[in-house]
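The structure appears right after this line, and notes come after that.
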There are 2 protein chains.
Amino acid sequence: MTKTDTLPPIAHPAREEITVEGVLRALADPVRLAIVRQLAATGQEIACGGLTVPVTKSTLTHHLGILRQAGVVAGRQEGTTRFNSLRRNDLDALFPGLLDGVLAAPR
Amino acid sequence: MTKTDTLPPIAHPAREEITVEGVLRALADPVRLAIVRQLAATGQEIACGGLTVPVTKSTLTHHLGILRQAGVVAGRQEGTTRFNSLRRNDLDALFPGLLDGVLAAPR
DNA sequence: GTCGTAGTTCGACAGTCACCGTACTACGCC
DNA sequence: GGCGTAGTACGGTGACTGTCGAACTACGAC
């Protein structure tokens, strides 16, 4: 059928699809770690333009894509703005303590 | 003086030298994750030859070097055998919950 | 001394990755 | 409609990384 059934704008992995290795690989980059830290610090959604990272827009899109594919962040489209949020519930449920351990680290 | 003062055979980072990013990067590889899992499962030292990994000896040496540099594992030389152990104390002190979260993950 | 075993070192090679600039789409406002 | 802004897609490039085989060192046993 050609009607607009559900029409998911962005693809995210289901909770069961998230793997430790994918998450670790996603977090093992200074830029992505900075993104996650900012999302965790505010505890709110942040638009791409609201993230403070030392890379260009295209590179930022690249990193957000990796974080999204790994199941670390979720994206919500609203107009031309894309709001990113941390999938804390899923990560804490799958890997309890992991995210807190990473975020608590001084460096 | 040229006497044998302490004479550390293998160089490991001090606890303060360990960084989150380094640890994450070290763990973000299936082979290294398998090594860490085996070390954690037994809770004891394991010689290089006692590790079950699908790579050659030289590649295994390479991975152990990365894990050691990151401060994840410690190596102790005894004759021609090198015993590897998990630096659980240091990791738990620096990043509480991180290692447990990783190890508890089903995949 | 000789031999076998444990592990490291040294290129070399293929694949991946972070990064960028440019071009493009989509939305909102005038 | 026309324009500016938000973000994505694409193509390319340099750097890093995982992998291997072969050569090497070091220790222990015979």
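If you're wondering about the labels, chains in the structure tokens are A, B, ... by order shown, residues count from 1 in each chain, ligands from 1 in order shown.
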Original post:
Neighbours of B:Pro54 within 10 Å (only C-alpha atoms (C1' of nucleotides); same-chain residues fewer than 5 positions away dropped), as a PyMOL selection string?
Top reply: chain B and resi 31+34+59-60
For chain D, which residues have at least one atom within 8 Å of chain A, if we go by only C-alpha atoms (C1' of nucleotides)? Write them as a PDB file with C-alpha atoms (C1' of nucleotides), in the first residue's frame, please.
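Written file, out_29.pdb:
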```pdb
ATOM      1  C1'  DA D   6      19.089  23.320   9.497  1.00  0.00           C
ATOM      2  C1'  DG D   7      20.751  19.423   8.423  1.00  0.00           C
ATOM      3  C1'  DT D   8      21.927  15.481   5.053  1.00  0.00           C
TER       4       DT D   8
END
```
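Each of B:His63, B:Arg107, B:Arg76, B:Arg87 was compared to D:DG18 using only C-alpha atoms (C1' of nucleotides), and B:His63 turns out to be the nearest.
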Each residue of chain C lying at most 9 Å from chain B should get a row with its shortest atom-to-atom pair and the distance in Å to one decimal, counting only C-alpha atoms (C1' of nucleotides); could you produce that, ordered by chain and increasing number, as a Markdown table?
```
| residue | atom | partner | partner_atom | distance |
| --- | --- | --- | --- | --- |
| C:DT5 | C1' | B:Thr80 | CA | 8.6 |
| C:DA6 | C1' | B:Thr80 | CA | 5.4 |
| C:DG7 | C1' | B:Thr80 | CA | 7.1 |
| C:DT8 | C1' | B:Thr61 | CA | 7.4 |
| C:DT9 | C1' | B:Ser58 | CA | 8.9 |
```
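For chain B, the residues close to chain A, meaning within 9 Å and counting only C-alpha atoms, are Ile18, Thr19, Val20, Glu21, Gly22, Val23, Leu24, Arg25, Ala26, Leu27, Ala28, Asp29, Pro30, Leu33, Asp92, Leu94, Phe95, Pro96, Gly97, Leu98, Leu99, Asp100, Gly101, Val102, Leu103, Ala104, Ala105, Pro106 and Arg107 of chain B.
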**OP:** Could you give me, as a ChimeraX atom specification, each residue of chain B that DSSP assigns to strand (DSSP E or B) when run on this structure's backbone?
**Re:** /B:46-47,73-78,81-86
**OP:** Would you work out the distance separating atom CA of B:Val36 from atom CA of B:Gly75, expressed in Å to one decimal?
**Re:** 13.1 Å
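If only C-alpha atoms (C1' of nucleotides) are the atoms counted, then among D:DC27, D:DC20, D:DC10, D:DC3 the closest residue to C:DA14 is D:DC20.
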**OP:** Skip B:Thr42 itself and residues of its chain fewer than 5 positions away, then list as a list in words all residues within 12 Å of it, counting only C-alpha atoms (C1' of nucleotides).
**Re:** Ile35, Val36, Arg37, Gly50, Leu51, Asn84, Ser85 and Leu86 of chain B
Could you please take those selected residues and save N, CA and C atoms as a PDB file, in the first residue's frame?
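As a result, selection-v2.pdb now contains:
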```
ATOM      1  N   ILE B  35      39.233 -11.246  25.225  1.00  0.00           N
ATOM      2  CA  ILE B  35      40.342 -11.415  26.170  1.00  0.00           C
ATOM      3  C   ILE B  35      39.920 -10.939  27.557  1.00  0.00           C
ATOM      4  N   VAL B  36      39.332  -9.760  27.609  1.00  0.00           N
ATOM      5  CA  VAL B  36      38.913  -9.195  28.899  1.00  0.00           C
ATOM      6  C   VAL B  36      37.859 -10.089  29.548  1.00  0.00           C
ATOM      7  N   ARG B  37      36.961 -10.602  28.750  1.00  0.00           N
ATOM      8  CA  ARG B  37      35.934 -11.480  29.298  1.00  0.00           C
ATOM      9  C   ARG B  37      36.547 -12.734  29.913  1.00  0.00           C
ATOM     10  N   GLY B  50      47.202 -19.298  26.875  1.00  0.00           N
ATOM     11  CA  GLY B  50      45.989 -19.807  27.500  1.00  0.00           C
ATOM     12  C   GLY B  50      44.740 -19.070  27.083  1.00  0.00           C
ATOM     13  N   LEU B  51      44.913 -18.008  26.328  1.00  0.00           N
ATOM     14  CA  LEU B  51      43.777 -17.234  25.850  1.00  0.00           C
ATOM     15  C   LEU B  51      43.239 -17.841  24.564  1.00  0.00           C
ATOM     16  N   ASN B  84      48.878 -12.516  32.154  1.00  0.00           N
ATOM     17  CA  ASN B  84      48.072 -11.304  32.013  1.00  0.00           C
ATOM     18  C   ASN B  84      46.937 -11.329  33.021  1.00  0.00           C
ATOM     19  N   SER B  85      46.683 -10.176  33.612  1.00  0.00           N
ATOM     20  CA  SER B  85      45.592 -10.080  34.579  1.00  0.00           C
ATOM     21  C   SER B  85      44.833  -8.784  34.351  1.00  0.00           C
ATOM     22  N   LEU B  86      43.592  -8.796  34.750  1.00  0.00           N
ATOM     23  CA  LEU B  86      42.735  -7.630  34.612  1.00  0.00           C
ATOM     24  C   LEU B  86      43.016  -6.650  35.745  1.00  0.00           C
TER      25      LEU B  86
END
```
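As for atom C1' of C:DG28 and atom CA of A:Glu78, they are spaced 11.7 Å apart.
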Subject >> All residues 10 Å or closer to D:DC16, only C-alpha atoms (C1' of nucleotides), same chain fewer than 6 positions away omitted, as a ChimeraX atom specification >> reply: /C:16-18
Would you save the residues from that selection as a PDB file, in the first residue's frame, using N, CA, C and O atoms (P, O5', C5', C4', C3', O3' and C1' of nucleotides)?
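Contents of selection.pdb, as written:
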```pdb
ATOM      1  P    DT C  16      35.762  -2.831   5.640  1.00  0.00           P
ATOM      2  O5'  DT C  16      35.931  -1.675   6.728  1.00  0.00           O
ATOM      3  C5'  DT C  16      36.526  -2.007   7.980  1.00  0.00           C
ATOM      4  C4'  DT C  16      37.017  -0.760   8.674  1.00  0.00           C
ATOM      5  C3'  DT C  16      35.947   0.339   8.801  1.00  0.00           C
ATOM      6  O3'  DT C  16      35.751   0.597  10.174  1.00  0.00           O
ATOM      7  C1'  DT C  16      38.039   1.225   8.092  1.00  0.00           C
ATOM      8  P    DC C  17      34.591   1.631  10.569  1.00  0.00           P
ATOM      9  O5'  DC C  17      35.393   2.998  10.763  1.00  0.00           O
ATOM     10  C5'  DC C  17      36.640   2.960  11.427  1.00  0.00           C
ATOM     11  C4'  DC C  17      37.172   4.368  11.590  1.00  0.00           C
ATOM     12  C3'  DC C  17      36.076   5.421  11.694  1.00  0.00           C
ATOM     13  O3'  DC C  17      36.461   6.394  12.639  1.00  0.00           O
ATOM     14  C1'  DC C  17      37.476   5.909   9.859  1.00  0.00           C
ATOM     15  P    DA C  18      35.295   7.293  13.300  1.00  0.00           P
ATOM     16  O5'  DA C  18      35.943   8.745  13.242  1.00  0.00           O
ATOM     17  C5'  DA C  18      37.293   8.910  13.629  1.00  0.00           C
ATOM     18  C4'  DA C  18      37.863  10.147  12.975  1.00  0.00           C
ATOM     19  C3'  DA C  18      36.955  11.376  13.028  1.00  0.00           C
ATOM     20  O3'  DA C  18      37.717  12.514  13.409  1.00  0.00           O
ATOM     21  C1'  DA C  18      37.526  10.889  10.782  1.00  0.00           C
TER      22       DA C  18
END
```
